[in-house]
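Below is data_15.cif, which holds mmCIF, C-alpha atoms and all ligand atoms.
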data_final
#
loop_
_atom_site.group_PDB
_atom_site.id
_atom_site.type_symbol
_atom_site.label_atom_id
_atom_site.label_comp_id
_atom_site.auth_asym_id
_atom_site.auth_seq_id
_atom_site.Cartn_x
_atom_site.Cartn_y
_atom_site.Cartn_z
ATOM 1 C CA MET A 1 216.433 78.853 138.103
ATOM 2 C CA LYS A 2 214.337 82.008 137.880
ATOM 3 C CA PRO A 3 210.727 81.568 136.672
ATOM 4 C CA ARG A 4 210.242 82.446 132.974
ATOM 5 C CA ILE A 5 207.678 85.184 132.628
ATOM 6 C CA LEU A 6 206.130 87.104 129.729
ATOM 7 C CA VAL A 7 204.966 90.719 130.013
ATOM 8 C CA THR A 8 202.445 91.098 127.174
ATOM 9 C CA ARG A 9 202.662 94.934 126.848
ATOM 10 C CA ARG A 10 205.161 97.640 127.865
ATOM 11 C CA TRP A 11 204.894 98.488 131.598
ATOM 12 C CA PRO A 12 206.290 101.530 133.452
ATOM 13 C CA ASP A 13 210.131 101.474 133.439
ATOM 14 C CA ALA A 14 210.502 101.119 137.206
ATOM 15 C CA VAL A 15 208.332 98.011 137.201
ATOM 16 C CA GLU A 16 210.026 96.483 134.159
ATOM 17 C CA ARG A 17 213.424 96.962 135.889
ATOM 18 C CA LEU A 18 212.196 95.122 138.976
ATOM 19 C CA LEU A 19 210.699 92.304 136.907
ATOM 20 C CA ALA A 20 214.001 91.908 135.039
ATOM 21 C CA GLU A 21 215.875 91.632 138.359
ATOM 22 C CA ARG A 22 213.570 89.068 139.936
ATOM 23 C CA PHE A 23 212.542 86.882 136.987
ATOM 24 C CA ASP A 24 213.725 85.553 133.642
ATOM 25 C CA THR A 25 211.580 88.138 131.896
ATOM 26 C CA THR A 26 210.562 88.486 128.254
ATOM 27 C CA PHE A 27 209.249 91.954 127.381
ATOM 28 C CA ASN A 28 207.094 92.992 124.432
ATOM 29 C CA GLN A 29 209.409 95.702 123.057
ATOM 30 C CA ASP A 30 207.019 96.596 120.210
ATOM 31 C CA ASP A 31 204.062 96.966 122.608
ATOM 32 C CA LYS A 32 201.732 95.405 120.054
ATOM 33 C CA ALA A 33 198.775 93.435 121.467
ATOM 34 C CA LEU A 34 199.357 89.685 121.103
ATOM 35 C CA SER A 35 197.086 87.530 118.934
ATOM 36 C CA ALA A 36 195.140 84.560 120.310
ATOM 37 C CA ALA A 37 197.717 82.217 118.754
ATOM 38 C CA GLU A 38 200.599 84.123 120.400
ATOM 39 C CA LEU A 39 198.853 84.029 123.779
ATOM 40 C CA SER A 40 198.243 80.274 123.417
ATOM 41 C CA GLU A 41 201.914 79.776 122.621
ATOM 42 C CA ALA A 42 202.870 81.895 125.639
ATOM 43 C CA LEU A 43 200.866 79.580 127.912
ATOM 44 C CA GLU A 44 202.999 76.701 126.622
ATOM 45 C CA GLN A 45 206.332 78.486 127.079
ATOM 46 C CA PHE A 46 206.213 80.643 130.227
ATOM 47 C CA ASP A 47 205.741 79.924 133.940
ATOM 48 C CA ALA A 48 203.730 83.119 134.288
ATOM 49 C CA VAL A 49 202.065 85.427 131.777
ATOM 50 C CA LEU A 50 201.284 89.038 132.731
ATOM 51 C CA PRO A 51 198.338 90.085 130.571
ATOM 52 C CA THR A 52 196.181 93.179 130.604
ATOM 53 C CA VAL A 53 192.805 94.319 129.306
ATOM 54 C CA SER A 54 193.978 94.371 125.660
ATOM 55 C CA ASP A 55 194.724 90.604 125.792
ATOM 56 C CA LYS A 56 191.697 88.444 125.096
ATOM 57 C CA LEU A 57 191.960 85.067 126.830
ATOM 58 C CA PRO A 58 188.772 83.125 126.031
ATOM 59 C CA ALA A 59 188.483 79.359 126.675
ATOM 60 C CA SER A 60 189.905 78.572 123.218
ATOM 61 C CA VAL A 61 193.270 80.120 124.165
ATOM 62 C CA PHE A 62 193.602 77.627 127.051
ATOM 63 C CA ALA A 63 192.611 74.628 124.930
ATOM 64 C CA GLN A 64 196.061 73.412 123.860
ATOM 65 C CA THR A 65 197.441 70.365 125.649
ATOM 66 C CA ALA A 66 200.773 71.341 127.215
ATOM 67 C CA VAL A 67 200.176 74.346 129.466
ATOM 68 C CA ARG A 68 203.329 75.442 131.330
ATOM 69 C CA THR A 69 201.849 78.643 132.795
ATOM 70 C CA ARG A 70 200.821 78.433 136.447
ATOM 71 C CA LEU A 71 200.011 82.105 137.038
ATOM 72 C CA LEU A 72 198.268 84.861 135.089
ATOM 73 C CA ALA A 73 199.202 88.052 136.973
ATOM 74 C CA ASN A 74 196.821 90.517 135.354
ATOM 75 C CA PHE A 75 197.795 94.199 135.146
ATOM 76 C CA GLY A 76 194.444 95.753 136.038
ATOM 77 C CA VAL A 77 191.535 95.251 138.374
ATOM 78 C CA GLY A 78 189.010 94.118 135.725
ATOM 79 C CA PHE A 79 189.551 90.587 134.450
ATOM 80 C CA SER A 80 186.537 89.898 132.227
ATOM 81 C CA HIS A 81 188.964 89.483 129.289
ATOM 82 C CA ILE A 82 190.128 86.216 130.910
ATOM 83 C CA ASP A 83 187.935 83.104 130.942
ATOM 84 C CA ILE A 84 188.406 82.395 134.635
ATOM 85 C CA GLU A 85 186.758 78.960 134.510
ATOM 86 C CA ALA A 86 189.035 77.869 131.658
ATOM 87 C CA ALA A 87 192.103 79.096 133.590
ATOM 88 C CA ARG A 88 190.959 77.297 136.708
ATOM 89 C CA ALA A 89 190.338 74.087 134.740
ATOM 90 C CA ARG A 90 193.971 74.200 133.575
ATOM 91 C CA GLY A 91 195.181 74.728 137.143
ATOM 92 C CA ILE A 92 196.219 78.335 136.497
ATOM 93 C CA THR A 93 196.021 80.902 139.318
ATOM 94 C CA VAL A 94 194.769 84.358 138.294
ATOM 95 C CA THR A 95 195.484 87.602 140.183
ATOM 96 C CA ASN A 96 194.512 91.250 139.594
ATOM 97 C CA THR A 97 195.531 94.671 140.981
ATOM 98 C CA PRO A 98 192.644 96.036 143.105
ATOM 99 C CA GLY A 99 192.675 99.178 145.234
ATOM 100 C CA VAL A 100 195.485 101.077 143.542
ATOM 101 C CA LEU A 101 193.413 102.533 140.688
ATOM 102 C CA THR A 102 190.329 103.510 142.673
ATOM 103 C CA ASP A 103 191.027 107.246 142.981
ATOM 104 C CA CYS A 104 192.189 107.813 139.419
ATOM 105 C CA THR A 105 189.261 105.920 137.905
ATOM 106 C CA ALA A 106 186.816 107.878 140.070
ATOM 107 C CA ASP A 107 188.561 111.094 138.974
ATOM 108 C CA ILE A 108 187.971 110.156 135.320
ATOM 109 C CA ALA A 109 184.293 109.354 136.027
ATOM 110 C CA LEU A 110 183.880 112.867 137.457
ATOM 111 C CA SER A 111 185.843 114.371 134.553
ATOM 112 C CA LEU A 112 183.434 112.741 132.100
ATOM 113 C CA LEU A 113 180.406 113.766 134.127
ATOM 114 C CA LEU A 114 181.461 117.403 134.237
ATOM 115 C CA ALA A 115 182.649 117.445 130.620
ATOM 116 C CA VAL A 116 179.410 116.093 129.181
ATOM 117 C CA ALA A 117 177.105 118.150 131.425
ATOM 118 C CA ARG A 118 179.000 121.412 130.756
ATOM 119 C CA ARG A 119 179.696 120.592 127.091
ATOM 120 C CA ALA A 120 183.471 120.900 127.569
ATOM 121 C CA GLY A 121 184.379 118.609 124.648
ATOM 122 C CA GLU A 122 182.039 120.415 122.302
ATOM 123 C CA GLY A 123 183.297 123.803 123.489
ATOM 124 C CA GLU A 124 186.917 122.853 123.003
ATOM 125 C CA ARG A 125 186.227 121.547 119.500
ATOM 126 C CA GLN A 126 184.422 124.782 118.613
ATOM 127 C CA LEU A 127 187.233 126.988 119.892
ATOM 128 C CA ARG A 128 190.033 124.987 118.233
ATOM 129 C CA ALA A 129 188.118 125.067 114.942
ATOM 130 C CA GLY A 130 188.091 128.871 115.161
ATOM 131 C CA ASP A 131 184.271 128.884 115.288
ATOM 132 C CA TRP A 132 183.771 130.677 118.620
ATOM 133 C CA LYS A 133 181.969 133.954 118.001
ATOM 134 C CA GLY A 134 182.398 135.283 121.564
ATOM 135 C CA TRP A 135 180.424 135.293 124.803
ATOM 136 C CA CYS A 136 176.657 135.630 124.697
ATOM 137 C CA PRO A 137 173.898 134.670 127.147
ATOM 138 C CA THR A 138 172.685 131.729 125.074
ATOM 139 C CA HIS A 139 176.007 130.212 124.065
ATOM 140 C CA MET A 140 176.491 126.452 124.646
ATOM 141 C CA ILE A 141 174.151 126.094 127.600
ATOM 142 C CA GLY A 142 174.729 122.922 129.611
ATOM 143 C CA ALA A 143 173.249 121.224 132.666
ATOM 144 C CA LYS A 144 174.090 122.217 136.245
ATOM 145 C CA VAL A 145 175.861 119.472 138.172
ATOM 146 C CA SER A 146 175.956 120.751 141.773
ATOM 147 C CA GLY A 147 173.076 119.589 143.918
ATOM 148 C CA LYS A 148 171.799 116.982 141.429
ATOM 149 C CA THR A 149 171.412 113.238 142.091
ATOM 150 C CA ILE A 150 174.025 110.699 141.055
ATOM 151 C CA GLY A 151 173.043 107.042 140.686
ATOM 152 C CA ILE A 152 175.852 104.541 141.122
ATOM 153 C CA ILE A 153 175.485 101.051 139.644
ATOM 154 C CA GLY A 154 177.959 98.849 141.543
ATOM 155 C CA MET A 155 178.943 100.307 144.912
ATOM 156 C CA GLY A 156 182.406 98.760 145.208
ATOM 157 C CA ARG A 157 185.616 100.704 145.789
ATOM 158 C CA ILE A 158 185.397 102.799 142.607
ATOM 159 C CA GLY A 159 181.646 103.341 142.925
ATOM 160 C CA LYS A 160 182.126 104.662 146.466
ATOM 161 C CA ALA A 161 185.061 106.882 145.462
ATOM 162 C CA THR A 162 182.974 108.375 142.636
ATOM 163 C CA ALA A 163 179.997 108.914 144.948
ATOM 164 C CA LYS A 164 182.271 110.534 147.554
ATOM 165 C CA ARG A 165 183.611 113.052 145.029
ATOM 166 C CA ALA A 166 180.111 113.803 143.731
ATOM 167 C CA HIS A 167 178.665 114.231 147.212
ATOM 168 C CA PHE A 168 181.414 116.130 149.015
ATOM 169 C CA GLY A 169 182.703 117.991 145.966
ATOM 170 C CA PHE A 170 179.445 118.836 144.218
ATOM 171 C CA ASP A 171 176.840 118.487 146.926
ATOM 172 C CA MET A 172 175.115 115.712 145.000
ATOM 173 C CA LYS A 173 172.621 113.292 146.501
ATOM 174 C CA VAL A 174 173.658 109.665 146.074
ATOM 175 C CA VAL A 175 171.459 106.667 145.275
ATOM 176 C CA PHE A 176 172.886 103.318 144.286
ATOM 177 C CA TYR A 177 172.218 99.755 143.229
ATOM 178 C CA ASN A 178 174.428 96.920 144.387
ATOM 179 C CA ARG A 179 173.573 93.217 144.399
ATOM 180 C CA SER A 180 174.621 92.715 148.013
ATOM 181 C CA LYS A 181 173.803 95.033 150.883
ATOM 182 C CA VAL A 182 176.301 97.892 151.373
ATOM 183 C CA ASP A 183 175.988 99.626 154.699
ATOM 184 C CA ASP A 184 179.329 100.945 155.857
ATOM 185 C CA GLU A 185 180.723 104.163 157.266
ATOM 186 C CA ALA A 186 181.545 105.586 153.811
ATOM 187 C CA VAL A 187 178.016 105.088 152.533
ATOM 188 C CA ARG A 188 176.406 106.353 155.747
ATOM 189 C CA THR A 189 178.528 109.552 155.834
ATOM 190 C CA MET A 190 177.325 110.432 152.336
ATOM 191 C CA GLY A 191 173.726 109.653 153.235
ATOM 192 C CA ALA A 192 173.717 107.380 150.181
ATOM 193 C CA ARG A 193 170.520 105.356 149.708
ATOM 194 C CA GLN A 194 170.665 101.783 148.427
ATOM 195 C CA LEU A 195 167.713 101.065 146.116
ATOM 196 C CA ASP A 196 166.244 97.657 145.236
ATOM 197 C CA SER A 197 166.743 97.660 141.494
ATOM 198 C CA VAL A 198 168.673 99.263 138.652
ATOM 199 C CA GLU A 199 165.347 100.710 137.459
ATOM 200 C CA ALA A 200 164.775 102.438 140.798
ATOM 201 C CA VAL A 201 168.170 104.151 140.448
ATOM 202 C CA LEU A 202 167.463 105.141 136.837
ATOM 203 C CA ALA A 203 164.154 106.699 137.888
ATOM 204 C CA GLU A 204 165.857 109.026 140.406
ATOM 205 C CA ALA A 205 169.299 109.820 139.010
ATOM 206 C CA ASP A 206 170.254 112.836 136.915
ATOM 207 C CA PHE A 207 173.633 111.184 136.323
ATOM 208 C CA VAL A 208 174.045 107.397 136.200
ATOM 209 C CA SER A 209 177.602 106.141 136.674
ATOM 210 C CA LEU A 210 178.501 102.495 135.976
ATOM 211 C CA HIS A 211 180.970 100.705 138.268
ATOM 212 C CA CYS A 212 180.057 97.035 137.935
ATOM 213 C CA PRO A 213 182.293 94.354 136.385
ATOM 214 C CA GLY A 214 182.052 93.513 132.681
ATOM 215 C CA GLY A 215 181.609 90.045 131.220
ATOM 216 C CA ALA A 216 178.624 87.747 130.820
ATOM 217 C CA GLU A 217 176.916 88.652 134.097
ATOM 218 C CA ASN A 218 176.490 92.333 133.205
ATOM 219 C CA ARG A 219 176.514 92.244 129.394
ATOM 220 C CA HIS A 220 174.085 94.913 128.111
ATOM 221 C CA LEU A 221 172.880 95.676 131.625
ATOM 222 C CA ILE A 222 172.084 99.084 130.167
ATOM 223 C CA ASN A 223 169.902 98.275 127.164
ATOM 224 C CA ALA A 224 167.248 100.192 125.197
ATOM 225 C CA ALA A 225 164.580 99.654 127.855
ATOM 226 C CA ARG A 226 166.828 100.873 130.659
ATOM 227 C CA LEU A 227 167.969 103.883 128.656
ATOM 228 C CA LYS A 228 164.279 104.762 128.250
ATOM 229 C CA ALA A 229 163.828 104.287 131.996
ATOM 230 C CA MET A 230 166.381 107.065 132.695
ATOM 231 C CA LYS A 231 165.033 110.504 133.545
ATOM 232 C CA PRO A 232 164.563 112.823 130.563
ATOM 233 C CA GLY A 233 167.663 115.001 130.437
ATOM 234 C CA ALA A 234 169.794 112.464 132.336
ATOM 235 C CA PHE A 235 173.403 111.542 131.526
ATOM 236 C CA LEU A 236 175.149 108.146 131.486
ATOM 237 C CA ILE A 237 178.806 107.718 132.513
ATOM 238 C CA ASN A 238 180.794 104.527 131.898
ATOM 239 C CA THR A 239 184.282 103.896 133.281
ATOM 240 C CA ALA A 240 183.616 100.172 133.908
ATOM 241 C CA ARG A 241 183.585 97.994 130.776
ATOM 242 C CA GLY A 242 182.141 98.675 127.327
ATOM 243 C CA ASP A 243 179.999 95.540 127.191
ATOM 244 C CA VAL A 244 177.904 96.724 130.160
ATOM 245 C CA ILE A 245 176.109 99.022 127.669
ATOM 246 C CA ASP A 246 174.313 97.968 124.486
ATOM 247 C CA GLN A 247 176.285 100.419 122.345
ATOM 248 C CA GLN A 248 173.798 100.459 119.448
ATOM 249 C CA ALA A 249 170.942 101.207 121.847
ATOM 250 C CA LEU A 250 173.033 104.001 123.366
ATOM 251 C CA VAL A 251 173.680 105.571 119.958
ATOM 252 C CA GLU A 252 169.922 105.536 119.274
ATOM 253 C CA ALA A 253 169.139 107.027 122.695
ATOM 254 C CA LEU A 254 171.703 109.803 122.155
ATOM 255 C CA GLU A 255 170.502 110.531 118.626
ATOM 256 C CA SER A 256 166.835 110.655 119.575
ATOM 257 C CA GLY A 257 167.347 112.597 122.796
ATOM 258 C CA VAL A 258 166.049 109.764 125.033
ATOM 259 C CA ILE A 259 168.977 110.719 127.273
ATOM 260 C CA ALA A 260 170.806 114.059 127.223
ATOM 261 C CA GLY A 261 174.331 112.741 126.879
ATOM 262 C CA ALA A 262 176.993 110.227 127.834
ATOM 263 C CA GLY A 263 180.588 110.188 128.972
ATOM 264 C CA LEU A 264 182.483 107.038 128.010
ATOM 265 C CA ASP A 265 185.968 105.780 128.801
ATOM 266 C CA VAL A 266 185.394 102.173 127.670
ATOM 267 C CA TYR A 267 183.839 100.532 124.598
ATOM 268 C CA ASP A 268 182.529 97.172 123.494
ATOM 269 C CA GLY A 269 185.232 95.862 121.136
ATOM 270 C CA GLU A 270 187.724 98.656 121.941
ATOM 271 C CA PRO A 271 189.870 100.171 120.536
ATOM 272 C CA ALA A 272 187.193 100.254 117.792
ATOM 273 C CA VAL A 273 184.668 103.024 118.479
ATOM 274 C CA PRO A 274 181.606 103.224 116.206
ATOM 275 C CA ALA A 275 181.524 106.242 113.877
ATOM 276 C CA ALA A 276 177.938 106.728 115.042
ATOM 277 C CA LEU A 277 179.385 107.661 118.455
ATOM 278 C CA THR A 278 182.311 109.790 117.302
ATOM 279 C CA SER A 279 180.002 111.881 115.125
ATOM 280 C CA LEU A 280 177.705 112.815 118.017
ATOM 281 C CA ASP A 281 178.230 116.021 119.989
ATOM 282 C CA ASN A 282 176.382 114.956 123.142
ATOM 283 C CA VAL A 283 178.912 112.299 124.086
ATOM 284 C CA VAL A 284 182.392 112.757 125.560
ATOM 285 C CA LEU A 285 184.769 109.980 124.525
ATOM 286 C CA LEU A 286 188.043 109.087 126.231
ATOM 287 C CA PRO A 287 190.438 106.292 125.205
ATOM 288 C CA HIS A 288 190.269 104.087 128.364
ATOM 289 C CA LEU A 289 192.226 106.533 130.537
ATOM 290 C CA GLY A 290 190.732 105.600 133.937
ATOM 291 C CA SER A 291 193.956 104.369 135.508
ATOM 292 C CA ALA A 292 196.332 106.314 133.254
ATOM 293 C CA THR A 293 198.453 108.279 135.715
ATOM 294 C CA GLU A 294 202.146 107.718 136.438
ATOM 295 C CA GLU A 295 201.455 106.939 140.102
ATOM 296 C CA THR A 296 198.651 104.497 139.413
ATOM 297 C CA ARG A 297 200.261 102.596 136.545
ATOM 298 C CA VAL A 298 203.428 102.106 138.625
ATOM 299 C CA ALA A 299 201.318 100.978 141.597
ATOM 300 C CA MET A 300 199.408 98.517 139.380
ATOM 301 C CA GLY A 301 202.671 97.058 138.122
ATOM 302 C CA MET A 302 204.119 96.787 141.641
ATOM 303 C CA ARG A 303 200.962 95.036 142.788
ATOM 304 C CA ALA A 304 201.380 92.479 139.987
ATOM 305 C CA VAL A 305 205.044 92.042 141.042
ATOM 306 C CA ASP A 306 203.871 91.367 144.627
ATOM 307 C CA ASN A 307 201.510 88.688 143.347
ATOM 308 C CA LEU A 308 204.215 87.084 141.194
ATOM 309 C CA THR A 309 206.803 87.178 143.956
ATOM 310 C CA ALA A 310 204.448 85.661 146.516
ATOM 311 C CA PHE A 311 203.381 82.946 144.075
ATOM 312 C CA PHE A 312 206.886 81.828 143.161
ATOM 313 C CA GLU A 313 208.048 81.994 146.793
ATOM 314 C CA GLY A 314 205.213 79.611 147.663
ATOM 315 C CA ARG A 315 203.250 82.191 149.686
ATOM 316 C CA ALA A 316 199.534 82.989 149.330
ATOM 317 C CA VAL A 317 199.014 85.519 146.523
ATOM 318 C CA PRO A 318 197.510 88.773 147.845
ATOM 319 C CA ASP A 319 195.023 89.323 144.996
ATOM 320 C CA ARG A 320 193.774 85.939 143.879
ATOM 321 C CA VAL A 321 190.663 85.945 141.700
ATOM 322 C CA ALA A 322 190.948 82.262 140.630
HETATM 323 C C1 LIG A 401 191.350 97.997 134.934
HETATM 324 O O1 LIG A 401 192.254 97.905 135.753
HETATM 325 O O2 LIG A 401 190.440 97.178 134.883
HETATM 326 C C2 LIG A 401 191.395 99.151 134.000
HETATM 327 O O3 LIG A 401 190.247 99.245 133.232
HETATM 328 C C3 LIG A 401 192.599 99.021 133.094
HETATM 329 O O4 LIG A 401 192.597 97.764 132.595
#
Could the structure of this file be written out as structure tokens, please?
Ligand code: DGY
Amino acid sequence: MKPRILVTRRWPDAVERLLAERFDTTFNQDDKALSAAELSEALEQFDAVLPTVSDKLPASVFAQTAVRTRLLANFGVGFSHIDIEAARARGITVTNTPGVLTDCTADIALSLLLAVARRAGEGERQLRAGDWKGWCPTHMIGAKVSGKTIGIIGMGRIGKATAKRAHFGFDMKVVFYNRSKVDDEAVRTMGARQLDSVEAVLAEADFVSLHCPGGAENRHLINAARLKAMKPGAFLINTARGDVIDQQALVEALESGVIAGAGLDVYDGEPAVPAALTSLDNVVLLPHLGSATEETRVAMGMRAVDNLTAFFEGRAVPDRVA
């Protein structure tokens, strides 16, 4: 008998076709995010559940007695929406999809960086509203990007890919903070300097780009004090997870000019975005688009299929996180 699996959201067609061939698959035709109660029920009914970032799986979801699920094959590299300890305690293996979304997420980080520094969002809004009065020497002056310093917080795959684009594309100097030592060919070729603390990076960087995991360990890593520790005129970019920033403190820093601007792809409590953010002009806001390309979303799905297939064939899963 084929394993019974649940795909919690719509996935790219090619991946859904493959899942339907290999497994007894239930799809979410409506593509509506499941509630906690529905996710709990799914753990009782399916051999594997394939969640993604819009599915919250705290310890309470795992608390019911009869868990049938043996694998959570997450669609995405970040897994802070899953209580890993609770999954482990119920004997559930958890996998993710690393590597395949590195380039596209780094591309979005650079898009945000350029858009906020050069006021692209503001400019587009002005033009579409019919308010552009024509070229003049003082119109919508932004900040130069080329040659500035980028500070990377979390020098993993995506941090390095972002730094690489900034350095080789825009001649930027790279400083970074990472908990463990990073000293590889990629970092050496960019002449990137690892600094001892987040504060040391904030003191040097004109652009700070976040690439660390979300969840308890990094919750509000960027708080009011650290926003104040950024250089005057600096910009903050977040393509990691919304909870890494204290959103209220960010709003205050943007309103008061403590920092010059921010580019955000992720939010604490998304899809809700505070009105205080959407009403500000010095922030560029994207709806969690980091991995949203045809190539990457298919690759993420195929990676999850590889994990599922290996698991149910009794082989080691390639991307185990628990
Ligand atoms: C990821 O893979 O973590 C992206 O943010 C999409 O979930």
Discussion item. Could you list, as a PyMOL selection string, every residue within 12 Å of Glu41 in chain A, counting all atoms listed in the file and ignoring same-chain residues fewer than 6 positions away?
Written reply: chain A and resi 6+34-35+47+49+61-69
Worksheet item: Neighbours of Glu270 in chain A within 10 Å (all atoms listed in the file; same-chain residues fewer than 4 positions away dropped), as number ranges by chain?
Response: A: 53-54, 241-243, 266, 274, 287-288
Item to complete: Find the residues near ligand LIG 401 (chain A). Use a cut-off of 10 Å, count only C-alpha atoms and all ligand atoms, and write them as a PyMOL selection string.
Response: chain A and resi 51-54+74-81+96-102+105+213-214+239-241+265-266+288-292+296-297+300
Practice prompt. Rank nothing, just name the residue among A:Leu308, A:Leu280, A:Ala192, A:Val175 nearest to Thr93 in chain A, using only C-alpha atoms.
Written response: A:Leu308
Fill in: Residue IDs satisfying the PyMOL selection byres (((chain A and resi 285) around 9) and not hetatm), as a list in words
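Matching residues under the PyMOL selection byres (((chain A and resi 285) around 9) and not hetatm) are Leu112, Gly121, Ala262, Gly263, Leu264, Asp265, Val266, Leu277, Thr278, Val283, Val284, Leu286, Pro287 and His288 of chain A.
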Discussion item. Ranking A:Thr95, A:Thr293, A:Gln126, A:Asn178 by minimum distance to Ala73 in chain A and counting only C-alpha atoms, which one comes first?
Written reply: A:Thr95
Discussion item. As an exercise, work out the distance from CA of Ala109 in chain A to CA of Phe176 in chain A in Å and give it to one decimal place.
Written reply: 15.3 Å
Practice prompt. Please evaluate the PyMOL selection byres (((chain A and resi 145) around 10) and not hetatm) against the structure above and give the resulting residues as a PyMOL selection string.
Written response: chain A and resi 113-114+117-118+142-144+146-150+166+170-172+206-207
Discussion item. Evaluated on this file, the PyMOL selection byres (((chain A and resi 161) around 12) and not hetatm) picks out some residues - which ones are they, written as a VMD selection string?
Written reply: chain A and resid 99 101 to 110 152 154 to 160 162 to 169 174 186 to 187 190 209 211
Worksheet entry | Nearest-residue call for Pro58 in chain A, choices A:Ala42, A:Asp31, A:Pro3, A:Asp83, using all atoms listed in the file |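 For Pro58 in chain A, the nearest of the given residues is A:Asp83.
Taking only C-alpha atoms, the non-local environment of range 12-26 of chain A within 9 Å (same-chain residues fewer than 5 positions away omitted) comprises Met1, Lys2, Pro3, Arg4, Ile5, Leu6, Val7, Glu294, Arg297, Val298, Ala299, Gly301, Met302, Val305 and Thr309 of chain A.
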Centre, x/y/z edge lengths, axis-aligned box for range 286-304 of chain A with 4 Å per side, as lines of an AutoDock Vina configuration file:
center_x = 196.1
center_y = 100.8
center_z = 134.0
size_x = 24.1
size_y = 24.6
size_z = 25.6
Practice prompt. Would you mind listing what lies within 7 Å of Arg9 in chain A as a PyMOL selection string, with only C-alpha atoms counted and same-chain residues fewer than 5 positions away left out?
Written response: chain A and resi 28+31-33
Any chance you can output those residues with C-alpha atoms as a CSV table (one decimal), in the coordinates of the input?
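Final file, again-v6.csv:
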chain,number,residue,atom,x,y,z
A,28,ASN,CA,207.1,93.0,124.4
A,31,ASP,CA,204.1,97.0,122.6
A,32,LYS,CA,201.7,95.4,120.1
A,33,ALA,CA,198.8,93.4,121.5
Worksheet item: To one decimal place, how far is CA of Pro232 in chain A from CA of Glu255 in chain A in Å?
Response: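 Taking CA of Pro232 in chain A as the start and CA of Glu255 in chain A as the end point, the length is 13.5 Å.
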Discussion item. Using Å and a single decimal, report how far CA of Asp246 in chain A sits from CA of Arg219 in chain A.
Written reply: 7.9 Å
Discussion item. Calculated over only C-alpha atoms, which of the candidates A:Arg70, A:Leu227, A:Val244, A:Leu236 has the smallest distance to Phe311 in chain A?
Written reply: A:Arg70
